[in-house]
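Student: If it helps, the file is called data08.cif and holds mmCIF, C-alpha atoms:
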data_work
#
loop_
_atom_site.group_PDB
_atom_site.id
_atom_site.type_symbol
_atom_site.label_atom_id
_atom_site.label_comp_id
_atom_site.auth_asym_id
_atom_site.auth_seq_id
_atom_site.Cartn_x
_atom_site.Cartn_y
_atom_site.Cartn_z
ATOM 1 C CA MET A 135 0.000 0.000 0.000
ATOM 2 C CA ILE A 136 2.704 2.476 1.021
ATOM 3 C CA SER A 137 4.608 1.505 -2.142
ATOM 4 C CA TYR A 138 2.023 3.229 -4.335
ATOM 5 C CA LEU A 139 1.034 5.977 -1.908
ATOM 6 C CA LEU A 140 4.626 7.164 -1.557
ATOM 7 C CA GLY A 141 5.671 5.941 -5.008
ATOM 8 C CA ASN A 142 3.037 8.005 -6.807
ATOM 9 C CA TYR A 143 4.174 11.019 -4.794
ATOM 10 C CA LEU A 144 7.777 10.385 -5.884
ATOM 11 C CA VAL A 145 6.594 10.247 -9.507
ATOM 12 C CA GLU A 146 4.595 13.487 -9.128
ATOM 13 C CA GLU A 147 7.633 15.231 -7.616
ATOM 14 C CA GLY A 148 9.919 14.050 -10.416
ATOM 15 C CA PHE A 149 12.123 11.701 -8.379
ATOM 16 C CA MET A 150 11.245 8.696 -10.534
ATOM 17 C CA THR A 151 9.157 7.674 -13.550
ATOM 18 C CA LYS A 152 6.047 5.480 -13.628
ATOM 19 C CA GLU A 153 8.137 2.803 -15.321
ATOM 20 C CA GLN A 154 10.691 2.923 -12.506
ATOM 21 C CA LEU A 155 7.913 2.685 -9.926
ATOM 22 C CA SER A 156 6.502 -0.449 -11.605
ATOM 23 C CA HIS A 157 10.000 -1.948 -11.699
ATOM 24 C CA VAL A 158 10.669 -1.166 -8.026
ATOM 25 C CA ILE A 159 7.389 -2.731 -6.927
ATOM 26 C CA SER A 160 8.121 -5.887 -8.926
ATOM 27 C CA MET A 161 11.612 -6.050 -7.406
ATOM 28 C CA GLN A 162 10.277 -5.727 -3.848
ATOM 29 C CA GLU A 163 9.248 -9.361 -3.794
ATOM 30 C CA LYS A 164 12.931 -10.373 -4.009
ATOM 31 C CA ILE A 165 14.246 -7.977 -1.365
ATOM 32 C CA ARG A 166 15.125 -8.742 2.229
ATOM 33 C CA VAL A 167 15.523 -5.362 3.903
ATOM 34 C CA LYS A 168 18.956 -4.594 5.311
ATOM 35 C CA LEU A 169 19.052 -4.167 9.056
ATOM 36 C CA GLY A 170 20.872 -0.846 8.760
ATOM 37 C CA LEU A 171 18.156 0.741 6.686
ATOM 38 C CA ILE A 172 15.496 -0.375 9.168
ATOM 39 C CA ALA A 173 17.514 0.964 12.107
ATOM 40 C CA VAL A 174 17.939 4.358 10.420
ATOM 41 C CA SER A 175 14.270 4.487 9.434
ATOM 42 C CA GLU A 176 13.267 3.712 13.032
ATOM 43 C CA GLY A 177 15.632 6.322 14.444
ATOM 44 C CA MET A 178 17.764 3.742 16.278
ATOM 45 C CA LEU A 179 20.892 4.588 14.286
ATOM 46 C CA THR A 180 22.117 7.638 12.422
ATOM 47 C CA LEU A 181 23.019 7.296 8.767
ATOM 48 C CA ASP A 182 26.693 7.808 9.662
ATOM 49 C CA GLN A 183 26.555 5.017 12.241
ATOM 50 C CA ALA A 184 24.950 2.618 9.761
ATOM 51 C CA ASP A 185 27.565 3.491 7.126
ATOM 52 C CA ALA A 186 30.356 2.869 9.655
ATOM 53 C CA ILE A 187 28.974 -0.595 10.435
ATOM 54 C CA ASN A 188 28.606 -1.373 6.725
ATOM 55 C CA ARG A 189 32.277 -0.471 6.176
ATOM 56 C CA LEU A 190 33.325 -2.727 9.057
ATOM 57 C CA GLN A 191 31.281 -5.581 7.582
ATOM 58 C CA GLN A 192 33.531 -5.435 4.507
ATOM 59 C CA THR A 193 36.512 -6.437 6.675
ATOM 60 C CA MET A 194 34.836 -8.567 9.354
ATOM 61 C CA ASP A 195 32.956 -11.861 9.068
ATOM 62 C CA LYS A 196 30.164 -10.671 11.336
ATOM 63 C CA ARG A 197 26.521 -9.752 10.963
ATOM 64 C CA PHE A 198 25.371 -6.125 10.974
ATOM 65 C CA GLY A 199 23.489 -6.556 14.243
ATOM 66 C CA ASP A 200 26.426 -8.180 16.028
ATOM 67 C CA ILE A 201 28.745 -5.317 15.060
ATOM 68 C CA ALA A 202 26.159 -2.718 16.131
ATOM 69 C CA VAL A 203 25.896 -4.347 19.561
ATOM 70 C CA GLU A 204 29.685 -4.570 19.935
ATOM 71 C CA MET A 205 30.005 -0.878 19.098
ATOM 72 C CA GLY A 206 27.349 0.006 21.645
ATOM 73 C CA TYR A 207 24.971 1.439 19.049
ATOM 74 C CA LEU A 208 22.215 -1.130 19.639
ATOM 75 C CA THR A 209 21.169 -3.604 22.303
ATOM 76 C CA ASP A 210 20.422 -7.286 21.662
ATOM 77 C CA ALA A 211 16.723 -6.530 22.241
ATOM 78 C CA GLN A 212 16.774 -3.757 19.618
ATOM 79 C CA VAL A 213 18.445 -6.039 17.088
ATOM 80 C CA GLY A 214 15.779 -8.669 17.741
ATOM 81 C CA SER A 215 13.068 -6.085 17.170
ATOM 82 C CA LEU A 216 14.673 -4.976 13.909
ATOM 83 C CA LEU A 217 14.925 -8.545 12.640
ATOM 84 C CA LYS A 218 11.166 -8.934 13.055
ATOM 85 C CA MET A 219 10.576 -5.882 10.857
ATOM 86 C CA GLN A 220 12.463 -7.066 7.779
ATOM 87 C CA GLY A 221 9.255 -7.886 5.875
ATOM 88 C CA ASN A 222 7.694 -4.432 6.368
ATOM 89 C CA GLU A 223 6.412 -3.076 3.017
ATOM 90 C CA PHE A 224 7.659 0.468 3.524
ATOM 91 C CA LEU A 225 11.117 -0.773 4.356
ATOM 92 C CA THR A 226 11.287 -3.179 1.404
ATOM 93 C CA PHE A 227 10.146 -0.327 -0.840
ATOM 94 C CA ALA A 228 12.795 2.012 0.576
ATOM 95 C CA GLN A 229 15.459 -0.698 0.317
ATOM 96 C CA THR A 230 14.611 -1.301 -3.334
ATOM 97 C CA LEU A 231 14.736 2.433 -4.132
ATOM 98 C CA VAL A 232 18.205 2.586 -2.589
ATOM 99 C CA ASP A 233 19.463 -0.639 -4.203
ATOM 100 C CA GLU A 234 18.254 0.480 -7.640
ATOM 101 C CA GLY A 235 20.035 3.808 -7.229
ATOM 102 C CA ILE A 236 16.839 5.826 -7.654
ATOM 103 C CA VAL A 237 16.675 7.639 -4.315
ATOM 104 C CA SER A 238 19.148 7.685 -1.407
ATOM 105 C CA MET A 239 18.064 6.845 2.151
ATOM 106 C CA ASP A 240 18.504 10.414 3.381
ATOM 107 C CA LYS A 241 16.443 11.686 0.439
ATOM 108 C CA ILE A 242 13.687 9.170 1.254
ATOM 109 C CA GLN A 243 13.400 10.638 4.735
ATOM 110 C CA LEU A 244 13.096 14.151 3.284
ATOM 111 C CA VAL A 245 10.484 13.063 0.739
ATOM 112 C CA LEU A 246 8.528 11.223 3.428
ATOM 113 C CA ARG A 247 8.443 14.375 5.527
ATOM 114 C CA SER A 248 7.300 16.419 2.524
ATOM 115 C CA TYR A 249 4.563 13.858 1.763
ATOM 116 C CA GLN A 250 3.423 14.066 5.388
ATOM 117 C CA VAL A 251 3.256 17.866 5.413
ATOM 118 C CA GLU A 252 1.497 18.128 2.038
ATOM 119 C CA ASN A 253 -1.222 15.681 3.128
ATOM 120 C CA GLY A 254 -1.539 17.043 6.663
ATOM 121 C CA PHE A 255 -0.764 13.717 8.344
ATOM 122 C CA THR A 256 0.322 13.623 11.985
ATOM 123 C CA ASN A 257 3.325 11.524 12.974
ATOM 124 C CA THR A 258 0.964 8.845 14.272
ATOM 125 C CA GLU A 259 -1.018 8.827 11.018
ATOM 126 C CA LEU A 260 2.150 8.575 8.944
ATOM 127 C CA GLU A 261 3.331 5.637 11.033
ATOM 128 C CA ALA A 262 -0.054 3.984 10.439
ATOM 129 C CA ILE A 263 0.418 4.343 6.672
ATOM 130 C CA LYS A 264 3.963 2.951 6.893
ATOM 131 C CA SER A 265 2.729 0.001 8.944
ATOM 132 C CA GLY A 266 0.164 -1.035 6.324
ATOM 133 C CA ASP A 267 -2.587 -1.363 8.977
ATOM 134 C CA ILE A 268 -5.720 -0.995 6.847
ATOM 135 C CA GLU A 269 -8.007 -0.358 9.815
ATOM 136 C CA LYS A 270 -5.902 2.670 10.740
ATOM 137 C CA ILE A 271 -5.339 3.808 7.147
ATOM 138 C CA VAL A 272 -8.921 3.893 5.840
ATOM 139 C CA PRO A 273 -10.128 6.713 8.187
ATOM 140 C CA LEU A 274 -7.318 8.931 6.875
ATOM 141 C CA PHE A 275 -8.800 8.827 3.365
ATOM 142 C CA LEU A 276 -12.498 9.115 4.221
ATOM 143 C CA PRO A 277 -14.082 12.546 3.714
ATOM 144 C CA LYS A 278 -15.560 14.377 6.666
ATOM 145 C CA GLY A 279 -19.042 13.100 7.413
ATOM 146 C CA ALA A 280 -18.364 9.590 6.072
ATOM 147 C CA GLU A 281 -17.503 7.980 9.412
ATOM 148 C CA ASP A 282 -20.490 5.600 9.149
ATOM 149 C CA TYR A 283 -18.901 4.062 6.051
ATOM 150 C CA GLU A 284 -15.575 3.202 7.696
ATOM 151 C CA ASP A 285 -16.383 -0.458 8.421
ATOM 152 C CA ILE A 286 -17.644 -1.358 4.945
ATOM 153 C CA VAL A 287 -14.791 0.482 3.204
ATOM 154 C CA THR A 288 -12.283 -1.293 5.456
ATOM 155 C CA VAL A 289 -13.789 -4.691 4.618
ATOM 156 C CA ALA A 290 -13.717 -3.852 0.891
ATOM 157 C CA LEU A 291 -10.071 -2.758 0.891
ATOM 158 C CA LYS A 292 -8.961 -5.696 3.041
ATOM 159 C CA THR A 293 -10.654 -8.099 0.633
ATOM 160 C CA ILE A 294 -9.039 -6.481 -2.406
ATOM 161 C CA VAL A 295 -5.610 -6.564 -0.749
ATOM 162 C CA ARG A 296 -6.061 -10.206 0.202
ATOM 163 C CA CYS A 297 -7.629 -11.462 -3.040
ATOM 164 C CA ILE A 298 -6.527 -9.080 -5.789
ATOM 165 C CA ASP A 299 -3.358 -7.084 -5.118
ATOM 166 C CA ARG A 300 -1.496 -6.680 -1.828
ATOM 167 C CA HIS A 301 -0.313 -3.250 -3.013
ATOM 168 C CA ALA A 302 -3.860 -1.888 -3.548
ATOM 169 C CA TYR A 303 -4.360 1.474 -1.862
ATOM 170 C CA PRO A 304 -7.106 3.994 -1.033
ATOM 171 C CA ILE A 305 -7.523 7.395 -2.674
ATOM 172 C CA THR A 306 -9.324 10.165 -0.820
ATOM 173 C CA GLY A 307 -13.070 9.680 -1.176
ATOM 174 C CA THR A 308 -15.893 12.169 -1.649
ATOM 175 C CA LEU A 309 -19.503 12.428 -0.467
ATOM 176 C CA VAL A 310 -21.890 13.358 -3.283
ATOM 177 C CA ASN A 311 -25.605 13.500 -4.035
ATOM 178 C CA LYS A 312 -25.182 12.565 -7.675
ATOM 179 C CA VAL A 313 -22.558 10.549 -9.530
ATOM 180 C CA ASP A 314 -22.043 9.113 -13.019
ATOM 181 C CA LEU A 315 -21.123 5.420 -12.853
ATOM 182 C CA VAL A 316 -19.380 3.474 -15.620
ATOM 183 C CA LYS A 317 -20.452 -0.177 -15.954
ATOM 184 C CA PRO A 318 -21.650 -0.395 -12.320
ATOM 185 C CA VAL A 319 -22.005 -3.659 -10.417
ATOM 186 C CA SER A 320 -24.100 -3.113 -7.290
ATOM 187 C CA GLN A 321 -25.730 -5.003 -4.455
ATOM 188 C CA GLU A 322 -28.353 -4.213 -1.830
ATOM 189 C CA LEU A 323 -28.084 -5.383 1.757
ATOM 190 C CA GLU A 324 -31.542 -5.323 3.281
ATOM 191 C CA GLY A 325 -32.009 -4.731 6.993
ATOM 192 C CA GLY A 326 -30.252 -2.426 9.400
ATOM 193 C CA ASP A 327 -29.593 0.901 7.704
ATOM 194 C CA GLY A 328 -30.415 -0.382 4.229
ATOM 195 C CA TRP A 329 -26.991 -0.552 2.608
ATOM 196 C CA LYS A 330 -26.254 -0.465 -1.080
ATOM 197 C CA VAL A 331 -22.711 -1.006 -2.330
ATOM 198 C CA GLY A 332 -21.064 -1.350 -5.690
ATOM 199 C CA PHE A 333 -18.066 -0.956 -7.964
ATOM 200 C CA ALA A 334 -17.868 1.244 -11.049
ATOM 201 C CA ASP A 335 -15.104 1.414 -13.633
ATOM 202 C CA GLU A 336 -12.553 4.230 -13.472
ATOM 203 C CA LYS A 337 -9.307 3.985 -15.468
ATOM 204 C CA GLY A 338 -9.656 0.242 -16.111
ATOM 205 C CA GLY A 339 -10.280 -0.744 -12.506
ATOM 206 C CA LEU A 340 -13.091 -3.239 -13.131
ATOM 207 C CA CYS A 341 -10.826 -5.325 -15.368
ATOM 208 C CA SER A 342 -8.134 -5.313 -12.675
ATOM 209 C CA LEU A 343 -10.644 -6.507 -10.076
ATOM 210 C CA ALA A 344 -12.014 -9.220 -12.333
ATOM 211 C CA SER A 345 -8.578 -10.376 -13.521
ATOM 212 C CA GLY A 346 -7.263 -10.689 -9.981
ATOM 213 C CA PHE A 347 -10.364 -12.377 -8.619
ATOM 214 C CA ALA A 348 -10.997 -14.797 -11.484
ATOM 215 C CA LYS A 349 -7.261 -15.428 -12.095
ATOM 216 C CA GLU A 350 -7.541 -14.749 -15.808
ATOM 217 C CA THR A 351 -6.766 -11.717 -17.931
ATOM 218 C CA PHE A 352 -9.532 -9.316 -18.986
ATOM 219 C CA THR A 353 -8.831 -6.290 -21.152
ATOM 220 C CA GLU A 354 -12.314 -4.831 -21.593
ATOM 221 C CA VAL A 355 -15.420 -4.645 -19.451
ATOM 222 C CA ASP A 356 -17.936 -7.248 -20.583
ATOM 223 C CA GLU A 357 -20.458 -9.573 -18.941
ATOM 224 C CA ASP A 358 -17.715 -11.919 -17.688
ATOM 225 C CA VAL A 359 -15.922 -9.032 -15.992
ATOM 226 C CA GLN A 360 -19.096 -7.820 -14.317
ATOM 227 C CA ASP A 361 -19.926 -11.361 -13.184
ATOM 228 C CA ALA A 362 -16.497 -11.725 -11.563
ATOM 229 C CA VAL A 363 -16.833 -8.334 -9.875
ATOM 230 C CA GLY A 364 -20.287 -9.382 -8.689
ATOM 231 C CA GLU A 365 -18.770 -12.459 -7.024
ATOM 232 C CA LEU A 366 -16.139 -10.269 -5.356
ATOM 233 C CA LEU A 367 -18.885 -7.922 -4.173
ATOM 234 C CA ASN A 368 -20.735 -10.918 -2.707
ATOM 235 C CA CYS A 369 -17.611 -11.777 -0.687
ATOM 236 C CA ILE A 370 -17.265 -8.213 0.605
ATOM 237 C CA SER A 371 -20.949 -7.909 1.468
ATOM 238 C CA GLY A 372 -20.920 -11.316 3.167
ATOM 239 C CA LEU A 373 -17.955 -10.398 5.350
ATOM 240 C CA PHE A 374 -19.565 -7.087 6.250
ATOM 241 C CA ALA A 375 -22.894 -8.765 7.043
ATOM 242 C CA THR A 376 -21.109 -11.237 9.320
ATOM 243 C CA ALA A 377 -19.381 -8.390 11.174
ATOM 244 C CA GLN A 378 -22.709 -6.590 11.556
ATOM 245 C CA SER A 379 -24.386 -9.734 12.885
ATOM 246 C CA ASN A 380 -21.844 -9.722 15.716
ATOM 247 C CA LYS A 381 -23.344 -6.356 16.658
ATOM 248 C CA GLY A 382 -26.866 -7.766 16.589
ATOM 249 C CA ILE A 383 -27.694 -6.339 13.130
ATOM 250 C CA THR A 384 -29.074 -8.746 10.520
ATOM 251 C CA LEU A 385 -28.432 -8.016 6.849
ATOM 252 C CA GLU A 386 -29.753 -10.018 3.896
ATOM 253 C CA LEU A 387 -27.739 -9.951 0.677
ATOM 254 C CA MET A 388 -29.671 -9.412 -2.543
ATOM 255 C CA PRO A 389 -28.255 -10.712 -5.873
ATOM 256 C CA PRO A 390 -25.698 -8.382 -7.502
ATOM 257 C CA GLU A 391 -26.994 -6.201 -10.337
ATOM 258 C CA MET A 392 -25.002 -5.249 -13.454
ATOM 259 C CA GLY A 393 -25.684 -2.266 -15.655
ATOM 260 C CA GLU A 394 -24.469 0.072 -18.352
ATOM 261 C CA ASN A 395 -23.289 3.609 -17.700
ATOM 262 C CA ALA A 396 -25.712 5.343 -15.371
ATOM 263 C CA SER A 397 -26.196 8.583 -13.481
ATOM 264 C CA VAL A 398 -27.435 7.920 -9.971
ATOM 265 C CA SER A 399 -28.531 10.297 -7.262
ATOM 266 C CA GLY A 400 -29.413 10.061 -3.626
ATOM 267 C CA SER A 401 -28.463 11.271 -0.187
ATOM 268 C CA GLY A 402 -24.905 10.887 1.056
ATOM 269 C CA ILE A 403 -23.317 8.649 -1.570
ATOM 270 C CA LEU A 404 -19.670 7.862 -0.853
ATOM 271 C CA VAL A 405 -17.384 7.456 -3.845
ATOM 272 C CA MET A 406 -14.185 5.812 -2.602
ATOM 273 C CA PRO A 407 -11.515 5.210 -5.271
ATOM 274 C CA PHE A 408 -9.079 2.326 -4.852
ATOM 275 C CA GLY A 409 -5.834 2.193 -6.795
ATOM 276 C CA ILE A 410 -4.816 -1.182 -8.221
ATOM 277 C CA GLY A 411 -1.532 -0.918 -10.086
ATOM 278 C CA ASP A 412 -1.986 1.687 -12.796
ATOM 279 C CA THR A 413 -5.778 1.411 -12.677
ATOM 280 C CA THR A 414 -8.495 2.870 -10.452
ATOM 281 C CA VAL A 415 -11.887 1.515 -9.455
ATOM 282 C CA ASN A 416 -14.622 3.383 -7.599
ATOM 283 C CA PHE A 417 -16.203 1.720 -4.576
ATOM 284 C CA VAL A 418 -19.604 3.363 -4.178
ATOM 285 C CA VAL A 419 -21.710 2.993 -1.040
ATOM 286 C CA THR A 420 -24.680 4.489 0.793
ATOM 287 C CA ASN A 421 -26.502 3.302 3.894
ATOM 288 C CA LYS A 422 -29.577 5.493 3.398
ATOM 289 C CA LYS A 423 -31.314 3.607 0.592
ATOM 290 C CA GLY A 424 -30.859 6.765 -1.419
ATOM 291 C CA TRP A 425 -29.091 5.256 -4.449
ATOM 292 C CA ARG A 426 -31.616 5.283 -7.204
#
Show the structure stored in the file as structure tokens.

Tutor:
Amino acid sequence: MISYLLGNYLVEEGFMTKEQLSHVISMQEKIRVKLGLIAVSEGMLTLDQADAINRLQQTMDKRFGDIAVEMGYLTDAQVGSLLKMQGNEFLTFAQTLVDEGIVSMDKIQLVLRSYQVENGFTNTELEAIKSGDIEKIVPLFLPKGAEDYEDIVTVALKTIVRCIDRHAYPITGTLVNKVDLVKPVSQELEGGDGWKVGFADEKGGLCSLASGFAKETFTEVDEDVQDAVGELLNCISGLFATAQSNKGITLELMPPEMGENASVSGSGILVMPFGIGDTTVNFVVTNKKGWR
């Protein structure tokens, strides 16, 4: 998630190209983050200290962590903590940027700070984004007044990350009273607050959803694509309904509906874009039975 959130910012600011971003993300799967980079990112070591240990490693048959402990820079407990963090997505992304010679570690820290300031994130919110914790990330991208939609949006994004693309990410949503939908696939959940949810195409997103879910390649939105998206929507709605039942709220899932381009209006419709690779799909939801 952070790979695209920060990566797109790096592209916008001219630090890398879209092609380089795609390459870095593909390379991430092969990277095991170096302990020094994690320690610097976590503020446990300075860049100079990490560089000094790296230079010593060239002449000593010892691990980075062992040298850091011997030099008094880190404790055994800190090294153990760092070892557990080697699979963190932000750190693998940063490591790949450094290894590919695109951005230096000190520059990454500066860019991260700039990204934080531009988006108005607190230190805690930025750490949430870096951690990849979807439950903490989703509220940061919901518009004001959309708090009631947090649970369903979280379920939707978690499902996409788990089933479609682990790098999928949210884009700031909007609350509207009217929206034009391209090839919408929707579903009603009767009971409770009367939910209606759906996906609509935006920059090829429906094909990305269908391709990832059905495990076959789709290049244009047709009936097969909408059917696959409908099955994905069933999964999301089912998970949400189960969570609601734990709160004593019973929801009944209606069959998904597919349509052509449509303009829909209602009261308090949330349009929540999700980025999937180079594509975008709109997750559209209302709990007021106002989508008509």

Student: Just the number, please: distance in Å from CA of Leu340 in chain A to CA of Thr288 in chain A, one decimal.

Tutor: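 Computing it gives 18.7 Å between the two atoms.
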
Student: List the neighbours of Gln191 in chain A out to 9 Å using only C-alpha atoms; skip same-chain residues closer than 6 positions along the sequence, and give me the result as a VMD selection string.

Tutor: chain A and resid 197 to 198 201

Student: Could you write out as a PDB file with C-alpha atoms, in the frame of the given file the residues that the PyMOL selection byres ((chain A and resi 330-335) around 8) matches in the shown file?

Tutor:
ATOM      1  CA  LEU A 315     -21.123   5.420 -12.853  1.00  0.00           C
ATOM      2  CA  VAL A 316     -19.380   3.474 -15.620  1.00  0.00           C
ATOM      3  CA  LYS A 317     -20.452  -0.177 -15.954  1.00  0.00           C
ATOM      4  CA  PRO A 318     -21.650  -0.395 -12.320  1.00  0.00           C
ATOM      5  CA  VAL A 319     -22.005  -3.659 -10.417  1.00  0.00           C
ATOM      6  CA  SER A 320     -24.100  -3.113  -7.290  1.00  0.00           C
ATOM      7  CA  GLN A 321     -25.730  -5.003  -4.455  1.00  0.00           C
ATOM      8  CA  GLU A 322     -28.353  -4.213  -1.830  1.00  0.00           C
ATOM      9  CA  LEU A 323     -28.084  -5.383   1.757  1.00  0.00           C
ATOM     10  CA  GLY A 328     -30.415  -0.382   4.229  1.00  0.00           C
ATOM     11  CA  TRP A 329     -26.991  -0.552   2.608  1.00  0.00           C
ATOM     12  CA  GLU A 336     -12.553   4.230 -13.472  1.00  0.00           C
ATOM     13  CA  LYS A 337      -9.307   3.985 -15.468  1.00  0.00           C
ATOM     14  CA  GLY A 338      -9.656   0.242 -16.111  1.00  0.00           C
ATOM     15  CA  GLY A 339     -10.280  -0.744 -12.506  1.00  0.00           C
ATOM     16  CA  LEU A 340     -13.091  -3.239 -13.131  1.00  0.00           C
ATOM     17  CA  VAL A 363     -16.833  -8.334  -9.875  1.00  0.00           C
ATOM     18  CA  LEU A 367     -18.885  -7.922  -4.173  1.00  0.00           C
ATOM     19  CA  THR A 414      -8.495   2.870 -10.452  1.00  0.00           C
ATOM     20  CA  VAL A 415     -11.887   1.515  -9.455  1.00  0.00           C
ATOM     21  CA  ASN A 416     -14.622   3.383  -7.599  1.00  0.00           C
ATOM     22  CA  PHE A 417     -16.203   1.720  -4.576  1.00  0.00           C
ATOM     23  CA  VAL A 418     -19.604   3.363  -4.178  1.00  0.00           C
ATOM     24  CA  VAL A 419     -21.710   2.993  -1.040  1.00  0.00           C
ATOM     25  CA  THR A 420     -24.680   4.489   0.793  1.00  0.00           C
ATOM     26  CA  ASN A 421     -26.502   3.302   3.894  1.00  0.00           C
ATOM     27  CA  LYS A 423     -31.314   3.607   0.592  1.00  0.00           C
ATOM     28  CA  TRP A 425     -29.091   5.256  -4.449  1.00  0.00           C
TER      29      TRP A 425
END

Student: Spell out the residues picked by the PyMOL selection byres ((chain A and resi 199) around 12) here, as a VMD selection string.

Tutor: chain A and resid 168 to 173 178 to 179 184 187 to 188 190 to 191 196 to 198 200 to 217

Student: Evaluate the PyMOL selection byres ((chain A and resi 269) around 9) and record the selected residues as a ChimeraX atom specification, following the chain and residue labels used in the document.

Tutor: /A:266-268,270-273,284-285,288-289,292

Student: Please, which residues are within 6 Å of (-23.2, 11.7, -5.6) by the file's coordinates, counting only C-alpha atoms, and could they come as a list in words?

Tutor: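 Residues found, by chain and rising number: Val310, Asn311, Lys312, Val313, Ser399 and Ile403 of chain A.
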
Student: Grab the CA of Glu252 in chain A to CA of Ile136 in chain A distance for me, in Å with one decimal place.

Tutor: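 Between CA of Glu252 in chain A and CA of Ile136 in chain A the gap is 15.7 Å.
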